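final-v4.cif follows (mmCIF, N, CA and C atoms):
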data_coords
loop_
_atom_site.group_PDB
_atom_site.id
_atom_site.type_symbol
_atom_site.label_atom_id
_atom_site.label_comp_id
_atom_site.auth_asym_id
_atom_site.auth_seq_id
_atom_site.Cartn_x
_atom_site.Cartn_y
_atom_site.Cartn_z
ATOM 1 N N MET S 939 0.838 -1.171 0.000
ATOM 2 C CA MET S 939 0.000 0.000 0.000
ATOM 3 C C MET S 939 0.891 1.246 0.000
ATOM 4 N N GLU S 940 0.547 2.228 -0.843
ATOM 5 C CA GLU S 940 1.346 3.434 -1.007
ATOM 6 C C GLU S 940 1.044 4.440 0.091
ATOM 7 N N ASN S 941 2.063 5.110 0.621
ATOM 8 C CA ASN S 941 1.895 6.112 1.659
ATOM 9 C C ASN S 941 1.705 7.465 0.985
ATOM 10 N N ASN S 942 0.496 8.066 1.106
ATOM 11 C CA ASN S 942 0.179 9.334 0.457
ATOM 12 C C ASN S 942 0.375 10.521 1.390
ATOM 13 N N GLN S 943 0.919 10.309 2.569
ATOM 14 C CA GLN S 943 1.125 11.411 3.488
ATOM 15 C C GLN S 943 2.309 12.260 3.028
ATOM 16 N N ASN S 944 2.289 13.518 3.430
ATOM 17 C CA ASN S 944 3.365 14.439 3.095
ATOM 18 C C ASN S 944 4.658 13.946 3.742
ATOM 19 N N PRO S 945 5.695 13.735 2.971
ATOM 20 C CA PRO S 945 6.940 13.226 3.537
ATOM 21 C C PRO S 945 7.630 14.231 4.460
ATOM 22 N N ASN S 946 7.188 15.485 4.468
ATOM 23 C CA ASN S 946 7.810 16.520 5.289
ATOM 24 C C ASN S 946 7.050 16.737 6.594
ATOM 25 N N ASN S 947 6.281 15.756 7.014
ATOM 26 C CA ASN S 947 5.541 15.840 8.271
ATOM 27 C C ASN S 947 4.667 17.090 8.355
ATOM 28 N N GLY S 948 3.959 17.417 7.291
ATOM 29 C CA GLY S 948 3.039 18.542 7.306
ATOM 30 C C GLY S 948 3.666 19.901 7.073
ATOM 31 N N GLN S 949 4.970 19.980 6.837
ATOM 32 C CA GLN S 949 5.614 21.262 6.575
ATOM 33 C C GLN S 949 5.405 21.661 5.125
ATOM 34 N N LEU S 950 5.085 22.914 4.933
ATOM 35 C CA LEU S 950 4.874 23.450 3.594
ATOM 36 C C LEU S 950 6.214 23.807 2.970
ATOM 37 N N GLN S 951 6.446 23.327 1.769
ATOM 38 C CA GLN S 951 7.653 23.704 1.033
ATOM 39 C C GLN S 951 7.314 24.896 0.149
ATOM 40 N N ILE S 952 8.076 25.960 0.286
ATOM 41 C CA ILE S 952 7.834 27.183 -0.476
ATOM 42 C C ILE S 952 8.971 27.367 -1.462
ATOM 43 N N GLU S 953 8.610 27.548 -2.729
ATOM 44 C CA GLU S 953 9.612 27.776 -3.767
ATOM 45 C C GLU S 953 9.652 29.259 -4.113
ATOM 46 N N LEU S 954 10.844 29.782 -4.287
ATOM 47 C CA LEU S 954 11.050 31.161 -4.690
ATOM 48 C C LEU S 954 11.867 31.157 -5.971
ATOM 49 N N GLY S 955 11.176 31.377 -7.081
ATOM 50 C CA GLY S 955 11.853 31.389 -8.372
ATOM 51 C C GLY S 955 12.704 32.629 -8.527
ATOM 52 N N PRO S 956 13.696 32.581 -9.425
ATOM 53 C CA PRO S 956 14.633 33.701 -9.589
ATOM 54 C C PRO S 956 13.948 35.013 -9.981
ATOM 55 N N GLU S 957 12.923 34.954 -10.810
ATOM 56 C CA GLU S 957 12.252 36.180 -11.246
ATOM 57 C C GLU S 957 11.525 36.845 -10.076
ATOM 58 N N VAL S 958 10.854 36.059 -9.250
ATOM 59 C CA VAL S 958 10.158 36.601 -8.093
ATOM 60 C C VAL S 958 11.159 37.036 -7.028
ATOM 61 N N ALA S 959 12.260 36.320 -6.906
ATOM 62 C CA ALA S 959 13.279 36.639 -5.897
ATOM 63 C C ALA S 959 13.885 38.020 -6.131
ATOM 64 N N GLU S 960 13.891 38.502 -7.361
ATOM 65 C CA GLU S 960 14.403 39.837 -7.658
ATOM 66 C C GLU S 960 13.574 40.908 -6.968
ATOM 67 N N GLY S 961 12.300 40.643 -6.773
ATOM 68 C CA GLY S 961 11.415 41.600 -6.124
ATOM 69 C C GLY S 961 10.968 42.705 -7.057
ATOM 70 N N ILE S 962 10.044 43.490 -6.575
ATOM 71 C CA ILE S 962 9.535 44.655 -7.292
ATOM 72 C C ILE S 962 9.690 45.838 -6.356
ATOM 73 N N TYR S 963 10.373 46.883 -6.789
ATOM 74 C CA TYR S 963 10.530 48.077 -5.964
ATOM 75 C C TYR S 963 9.263 48.902 -6.027
ATOM 76 N N ALA S 964 8.750 49.285 -4.863
ATOM 77 C CA ALA S 964 7.592 50.162 -4.772
ATOM 78 C C ALA S 964 7.864 51.190 -3.692
ATOM 79 N N ASN S 965 7.456 52.441 -3.943
ATOM 80 C CA ASN S 965 7.620 53.483 -2.938
ATOM 81 C C ASN S 965 6.294 54.137 -2.568
ATOM 82 N N LEU S 966 5.208 53.492 -2.962
ATOM 83 C CA LEU S 966 3.868 53.942 -2.585
ATOM 84 C C LEU S 966 2.954 52.725 -2.546
ATOM 85 N N ALA S 967 2.126 52.646 -1.523
ATOM 86 C CA ALA S 967 1.143 51.565 -1.429
ATOM 87 C C ALA S 967 -0.230 52.183 -1.215
ATOM 88 N N VAL S 968 -1.215 51.650 -1.908
ATOM 89 C CA VAL S 968 -2.598 52.067 -1.738
ATOM 90 C C VAL S 968 -3.368 50.833 -1.287
ATOM 91 N N ILE S 969 -4.042 50.944 -0.160
ATOM 92 C CA ILE S 969 -4.754 49.810 0.417
ATOM 93 C C ILE S 969 -6.241 50.119 0.440
ATOM 94 N N THR S 970 -7.030 49.209 -0.129
ATOM 95 C CA THR S 970 -8.483 49.327 -0.118
ATOM 96 C C THR S 970 -9.066 48.008 0.383
ATOM 97 N N HIS S 971 -10.345 48.006 0.661
ATOM 98 C CA HIS S 971 -10.957 46.774 1.162
ATOM 99 C C HIS S 971 -12.441 46.729 0.847
ATOM 100 N N SER S 972 -12.956 45.515 0.864
ATOM 101 C CA SER S 972 -14.390 45.256 0.835
ATOM 102 C C SER S 972 -14.681 44.386 2.050
ATOM 103 N N SER S 973 -15.885 43.903 2.164
ATOM 104 C CA SER S 973 -16.208 43.029 3.303
ATOM 105 C C SER S 973 -15.497 41.680 3.188
ATOM 106 N N ALA S 974 -15.042 41.331 1.988
ATOM 107 C CA ALA S 974 -14.473 39.998 1.769
ATOM 108 C C ALA S 974 -12.971 39.974 1.555
ATOM 109 N N GLU S 975 -12.362 41.149 1.248
ATOM 110 C CA GLU S 975 -10.947 41.123 0.921
ATOM 111 C C GLU S 975 -10.280 42.467 1.181
ATOM 112 N N VAL S 976 -8.975 42.405 1.345
ATOM 113 C CA VAL S 976 -8.129 43.593 1.451
ATOM 114 C C VAL S 976 -7.224 43.583 0.231
ATOM 115 N N VAL S 977 -7.190 44.699 -0.489
ATOM 116 C CA VAL S 977 -6.403 44.804 -1.717
ATOM 117 C C VAL S 977 -5.281 45.803 -1.483
ATOM 118 N N MET S 978 -4.047 45.356 -1.723
ATOM 119 C CA MET S 978 -2.880 46.213 -1.581
ATOM 120 C C MET S 978 -2.232 46.376 -2.953
ATOM 121 N N ASP S 979 -2.202 47.617 -3.435
ATOM 122 C CA ASP S 979 -1.535 47.933 -4.693
ATOM 123 C C ASP S 979 -0.203 48.591 -4.369
ATOM 124 N N PHE S 980 0.872 48.075 -4.956
ATOM 125 C CA PHE S 980 2.211 48.607 -4.754
ATOM 126 C C PHE S 980 2.630 49.317 -6.027
ATOM 127 N N ILE S 981 3.044 50.584 -5.869
ATOM 128 C CA ILE S 981 3.262 51.492 -6.989
ATOM 129 C C ILE S 981 4.676 52.058 -6.908
ATOM 130 N N ARG S 982 5.273 52.297 -8.063
ATOM 131 C CA ARG S 982 6.573 52.961 -8.132
ATOM 132 C C ARG S 982 6.369 54.341 -8.750
ATOM 133 N N VAL S 983 6.646 55.379 -7.956
ATOM 134 C CA VAL S 983 6.536 56.755 -8.415
ATOM 135 C C VAL S 983 7.943 57.247 -8.727
ATOM 136 N N LEU S 984 8.126 57.835 -9.911
ATOM 137 C CA LEU S 984 9.441 58.334 -10.325
ATOM 138 C C LEU S 984 9.374 59.842 -10.549
ATOM 139 N N PRO S 985 10.459 60.548 -10.253
ATOM 140 C CA PRO S 985 10.457 62.006 -10.435
ATOM 141 C C PRO S 985 10.323 62.381 -11.902
ATOM 142 N N GLY S 986 9.499 63.394 -12.139
ATOM 143 C CA GLY S 986 9.331 63.894 -13.497
ATOM 144 C C GLY S 986 8.411 63.054 -14.363
ATOM 145 N N VAL S 987 7.870 61.987 -13.825
ATOM 146 C CA VAL S 987 6.956 61.135 -14.583
ATOM 147 C C VAL S 987 5.556 61.346 -14.011
ATOM 148 N N PRO S 988 4.630 61.896 -14.816
ATOM 149 C CA PRO S 988 3.317 62.260 -14.278
ATOM 150 C C PRO S 988 2.380 61.075 -14.035
ATOM 151 N N LYS S 989 2.774 59.899 -14.458
ATOM 152 C CA LYS S 989 1.913 58.727 -14.323
ATOM 153 C C LYS S 989 2.683 57.632 -13.595
ATOM 154 N N ALA S 990 2.016 56.952 -12.675
ATOM 155 C CA ALA S 990 2.649 55.854 -11.935
ATOM 156 C C ALA S 990 1.773 54.614 -12.070
ATOM 157 N N ASN S 991 2.388 53.529 -12.461
ATOM 158 C CA ASN S 991 1.650 52.280 -12.652
ATOM 159 C C ASN S 991 1.759 51.384 -11.435
ATOM 160 N N VAL S 992 0.689 50.634 -11.191
ATOM 161 C CA VAL S 992 0.728 49.612 -10.155
ATOM 162 C C VAL S 992 1.688 48.528 -10.631
ATOM 163 N N LYS S 993 2.674 48.192 -9.801
ATOM 164 C CA LYS S 993 3.661 47.174 -10.140
ATOM 165 C C LYS S 993 3.271 45.808 -9.623
ATOM 166 N N SER S 994 2.500 45.784 -8.542
ATOM 167 C CA SER S 994 2.085 44.513 -7.968
ATOM 168 C C SER S 994 0.811 44.721 -7.165
ATOM 169 N N ARG S 995 -0.069 43.753 -7.195
ATOM 170 C CA ARG S 995 -1.312 43.793 -6.413
ATOM 171 C C ARG S 995 -1.386 42.508 -5.601
ATOM 172 N N VAL S 996 -1.655 42.666 -4.310
ATOM 173 C CA VAL S 996 -1.824 41.519 -3.424
ATOM 174 C C VAL S 996 -3.224 41.601 -2.851
ATOM 175 N N ILE S 997 -3.971 40.503 -2.965
ATOM 176 C CA ILE S 997 -5.341 40.437 -2.459
ATOM 177 C C ILE S 997 -5.371 39.402 -1.344
ATOM 178 N N LEU S 998 -5.850 39.831 -0.176
ATOM 179 C CA LEU S 998 -5.866 38.973 1.006
ATOM 180 C C LEU S 998 -7.264 38.913 1.613
ATOM 181 N N ALA S 999 -7.562 37.796 2.261
ATOM 182 C CA ALA S 999 -8.738 37.724 3.112
ATOM 183 C C ALA S 999 -8.467 38.619 4.319
ATOM 184 N N PRO S 1000 -9.495 39.227 4.921
ATOM 185 C CA PRO S 1000 -9.278 40.100 6.075
ATOM 186 C C PRO S 1000 -8.483 39.430 7.203
ATOM 187 N N GLU S 1001 -8.714 38.157 7.428
ATOM 188 C CA GLU S 1001 -7.983 37.438 8.478
ATOM 189 C C GLU S 1001 -6.490 37.372 8.160
ATOM 190 N N HIS S 1002 -6.157 37.143 6.909
ATOM 191 C CA HIS S 1002 -4.749 37.089 6.506
ATOM 192 C C HIS S 1002 -4.118 38.480 6.557
ATOM 193 N N ALA S 1003 -4.902 39.517 6.233
ATOM 194 C CA ALA S 1003 -4.393 40.884 6.312
ATOM 195 C C ALA S 1003 -4.044 41.226 7.766
ATOM 196 N N LYS S 1004 -4.880 40.773 8.703
ATOM 197 C CA LYS S 1004 -4.592 41.038 10.113
ATOM 198 C C LYS S 1004 -3.347 40.284 10.559
ATOM 199 N N ARG S 1005 -3.163 39.057 10.084
ATOM 200 C CA ARG S 1005 -1.942 38.314 10.385
ATOM 201 C C ARG S 1005 -0.719 39.027 9.811
ATOM 202 N N LEU S 1006 -0.868 39.577 8.600
ATOM 203 C CA LEU S 1006 0.216 40.343 7.990
ATOM 204 C C LEU S 1006 0.532 41.572 8.828
ATOM 205 N N LEU S 1007 -0.497 42.262 9.323
ATOM 206 C CA LEU S 1007 -0.296 43.419 10.192
ATOM 207 C C LEU S 1007 0.539 43.037 11.409
ATOM 208 N N PHE S 1008 0.188 41.950 12.068
ATOM 209 C CA PHE S 1008 0.934 41.510 13.247
ATOM 210 C C PHE S 1008 2.369 41.135 12.885
ATOM 211 N N ALA S 1009 2.544 40.468 11.753
ATOM 212 C CA ALA S 1009 3.888 40.078 11.324
ATOM 213 C C ALA S 1009 4.732 41.315 11.008
ATOM 214 N N LEU S 1010 4.144 42.322 10.363
ATOM 215 C CA LEU S 1010 4.864 43.560 10.078
ATOM 216 C C LEU S 1010 5.228 44.291 11.367
ATOM 217 N N GLN S 1011 4.297 44.352 12.317
ATOM 218 C CA GLN S 1011 4.593 44.994 13.604
ATOM 219 C C GLN S 1011 5.763 44.306 14.294
ATOM 220 N N ASP S 1012 5.764 42.984 14.291
ATOM 221 C CA ASP S 1012 6.830 42.219 14.918
ATOM 222 C C ASP S 1012 8.164 42.481 14.222
ATOM 223 N N ASN S 1013 8.158 42.482 12.885
ATOM 224 C CA ASN S 1013 9.393 42.699 12.134
ATOM 225 C C ASN S 1013 9.906 44.127 12.276
ATOM 226 N N ILE S 1014 9.031 45.114 12.292
ATOM 227 C CA ILE S 1014 9.454 46.499 12.487
ATOM 228 C C ILE S 1014 10.056 46.666 13.877
ATOM 229 N N SER S 1015 9.456 46.047 14.873
ATOM 230 C CA SER S 1015 9.998 46.099 16.230
ATOM 231 C C SER S 1015 11.409 45.508 16.280
ATOM 232 N N LYS S 1016 11.599 44.372 15.635
ATOM 233 C CA LYS S 1016 12.921 43.734 15.599
ATOM 234 C C LYS S 1016 13.918 44.592 14.820
ATOM 235 N N TYR S 1017 13.486 45.185 13.732
ATOM 236 C CA TYR S 1017 14.345 46.056 12.931
ATOM 237 C C TYR S 1017 14.820 47.233 13.780
ATOM 238 N N GLU S 1018 13.877 47.898 14.483
ATOM 239 C CA GLU S 1018 14.226 49.078 15.264
ATOM 240 C C GLU S 1018 15.126 48.734 16.449
ATOM 241 N N LYS S 1019 14.974 47.551 17.005
ATOM 242 C CA LYS S 1019 15.879 47.130 18.082
ATOM 243 C C LYS S 1019 17.295 46.966 17.550
ATOM 244 N N MET S 1020 17.412 46.523 16.309
ATOM 245 C CA MET S 1020 18.722 46.280 15.718
ATOM 246 C C MET S 1020 19.341 47.548 15.116
ATOM 247 N N PHE S 1021 18.536 48.367 14.439
ATOM 248 C CA PHE S 1021 19.065 49.487 13.671
ATOM 249 C C PHE S 1021 18.640 50.869 14.171
ATOM 250 N N GLY S 1022 17.792 50.927 15.178
ATOM 251 C CA GLY S 1022 17.297 52.203 15.677
ATOM 252 C C GLY S 1022 15.938 52.540 15.107
ATOM 253 N N PRO S 1023 15.316 53.570 15.654
ATOM 254 C CA PRO S 1023 13.944 53.910 15.256
ATOM 255 C C PRO S 1023 13.832 54.372 13.807
ATOM 256 N N ILE S 1024 12.725 54.062 13.218
ATOM 257 C CA ILE S 1024 12.383 54.539 11.877
ATOM 258 C C ILE S 1024 11.596 55.828 12.071
ATOM 259 N N ASN S 1025 12.139 56.935 11.591
ATOM 260 C CA ASN S 1025 11.483 58.234 11.759
ATOM 261 C C ASN S 1025 10.555 58.513 10.599
ATOM 262 N N LEU S 1026 9.370 59.001 10.918
ATOM 263 C CA LEU S 1026 8.389 59.388 9.919
ATOM 264 C C LEU S 1026 8.224 60.901 9.942
ATOM 265 N N PRO S 1027 7.788 61.509 8.833
ATOM 266 C CA PRO S 1027 7.564 62.952 8.819
ATOM 267 C C PRO S 1027 6.640 63.353 9.971
ATOM 268 N N GLY S 1028 6.960 64.460 10.619
ATOM 269 C CA GLY S 1028 6.172 64.904 11.763
ATOM 270 C C GLY S 1028 6.672 64.319 13.068
ATOM 271 N N ASN S 1029 7.558 63.331 12.989
ATOM 272 C CA ASN S 1029 8.155 62.715 14.171
ATOM 273 C C ASN S 1029 9.649 62.994 14.189
ATOM 274 N N ASN S 1030 10.049 64.193 13.761
ATOM 275 C CA ASN S 1030 11.453 64.597 13.682
ATOM 276 C C ASN S 1030 12.236 63.771 12.674
ATOM 277 N N GLY S 1031 11.557 63.236 11.678
ATOM 278 C CA GLY S 1031 12.249 62.453 10.662
ATOM 279 C C GLY S 1031 12.777 63.340 9.556
ATOM 280 N N GLY S 1032 13.872 62.948 8.981
ATOM 281 C CA GLY S 1032 14.460 63.735 7.920
ATOM 282 C C GLY S 1032 13.964 63.340 6.541
ATOM 283 N N ARG S 1033 13.426 62.149 6.412
ATOM 284 C CA ARG S 1033 12.979 61.666 5.099
ATOM 285 C C ARG S 1033 11.475 61.819 4.983
ATOM 286 N N THR S 1034 11.020 61.914 3.775
ATOM 287 C CA THR S 1034 9.589 61.984 3.533
ATOM 288 C C THR S 1034 9.061 60.596 3.216
ATOM 289 N N ALA S 1035 7.878 60.296 3.697
ATOM 290 C CA ALA S 1035 7.282 58.978 3.455
ATOM 291 C C ALA S 1035 6.608 58.923 2.097
ATOM 292 N N THR S 1036 6.241 60.075 1.552
ATOM 293 C CA THR S 1036 5.597 60.088 0.239
ATOM 294 C C THR S 1036 6.645 60.443 -0.812
ATOM 295 N N PRO S 1037 6.750 59.636 -1.832
ATOM 296 C CA PRO S 1037 7.802 59.847 -2.827
ATOM 297 C C PRO S 1037 7.525 61.016 -3.750
ATOM 298 N N PHE S 1038 8.511 61.871 -3.913
ATOM 299 C CA PHE S 1038 8.510 62.904 -4.936
ATOM 300 C C PHE S 1038 7.268 63.776 -4.912
ATOM 301 N N GLY S 1039 6.758 64.041 -3.724
ATOM 302 C CA GLY S 1039 5.612 64.946 -3.600
ATOM 303 C C GLY S 1039 4.283 64.319 -3.950
ATOM 304 N N ALA S 1040 4.226 63.004 -4.087
ATOM 305 C CA ALA S 1040 2.950 62.353 -4.376
ATOM 306 C C ALA S 1040 2.045 62.510 -3.178
ATOM 307 N N PRO S 1041 0.724 62.593 -3.388
ATOM 308 C CA PRO S 1041 -0.188 62.741 -2.250
ATOM 309 C C PRO S 1041 -0.115 61.522 -1.338
ATOM 310 N N GLU S 1042 -0.243 61.767 -0.037
ATOM 311 C CA GLU S 1042 -0.197 60.660 0.921
ATOM 312 C C GLU S 1042 -1.514 59.933 0.896
ATOM 313 N N GLY S 1043 -1.475 58.601 0.828
ATOM 314 C CA GLY S 1043 -2.675 57.791 0.866
ATOM 315 C C GLY S 1043 -3.031 57.429 2.291
ATOM 316 N N ASN S 1044 -4.290 57.202 2.538
ATOM 317 C CA ASN S 1044 -4.747 56.760 3.851
ATOM 318 C C ASN S 1044 -5.336 55.371 3.720
ATOM 319 N N ALA S 1045 -4.959 54.502 4.625
ATOM 320 C CA ALA S 1045 -5.479 53.142 4.592
ATOM 321 C C ALA S 1045 -6.685 53.021 5.481
#
structure tokens encoding of this file:
Amino acid sequence: MENNQNPNNGQLQIELGPEVAEGIYANLAVITHSSAEVVMDFIRVLPGVPKANVKSRVILAPEHAKRLLFALQDNISKYEKMFGPINLPGNNGGRTATPFGAPEGNA
């Protein structure tokens, strides 16, 4: 009789192909939602270019979006412990959070 159980004892194997591993640079995110999903659009705004295209869109169930929120909070906390606080405009930060004068989005 053949054993159809996962040979990795239930561990998920995740593959990261070379094209995806390169990543997509984005300096603006727009987040919208409905009752069923949270949509995150990642955009690259460049100076002198009047139009910015969405480079990547991620659609999550609200429960997964909340898990992502917690994971980001945890990672930002670890980052700041290692490298110091991340300053935002209005908090004595020297850098602007909105690229090249683009309007700030609200989530």
Exercise for the section: State, in Å with one decimal place, the distance from atom N of Tyr963 (chain S) to atom C of Lys989 (chain S). Expected result: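 A separation of 14.9 Å between them.
Applied to the file shown here, the PyMOL selection byres (((chain S and resi 998-1013 and name CA) around 7) and name CA) selects the residues Ala974, Glu975, Val976, Val977, Val996, Ile997, Ile1014, Ser1015, Lys1016 and Tyr1017 of chain S.
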Exercise for the section: Quick one: pick out all strand (DSSP E or B) residues within region 961-1004 of chain S from a backbone DSSP run and write them as a list of chain:residue names. Expected result: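 DSSP on the backbone gives strand (DSSP E or B) at S:Leu966, S:Ala967, S:Val968, S:Ile969, S:Thr970, S:His971, S:Val976, S:Val977, S:Met978, S:Asp979, S:Phe980, S:Ile981, S:Val992, S:Lys993, S:Ser994, S:Arg995, S:Val996, S:Ile997, S:Leu998.
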Practice task
Kindly give the distance, in Å, that separates CA of Ile981 (chain S) and atom C of Gly1022 (chain S), rounded to a single decimal.
Solution key: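 A separation of 25.5 Å between them.
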Exercise for the section: Enter the distance from CA of Ala967 (chain S) to CA of Phe980 (chain S), in Å, rounded to one decimal. Expected result: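 We find that CA of Ala967 (chain S) and CA of Phe980 (chain S) lie 4.6 Å from each other.
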Exercise for the section: Taking the file above as input, evaluate the PyMOL selection byres (((chain S and resi 991 and name CA) around 12) and name CA) and report the hits as a ChimeraX atom specification. Expected result: /S:963-968,979-984,987-990,992-995
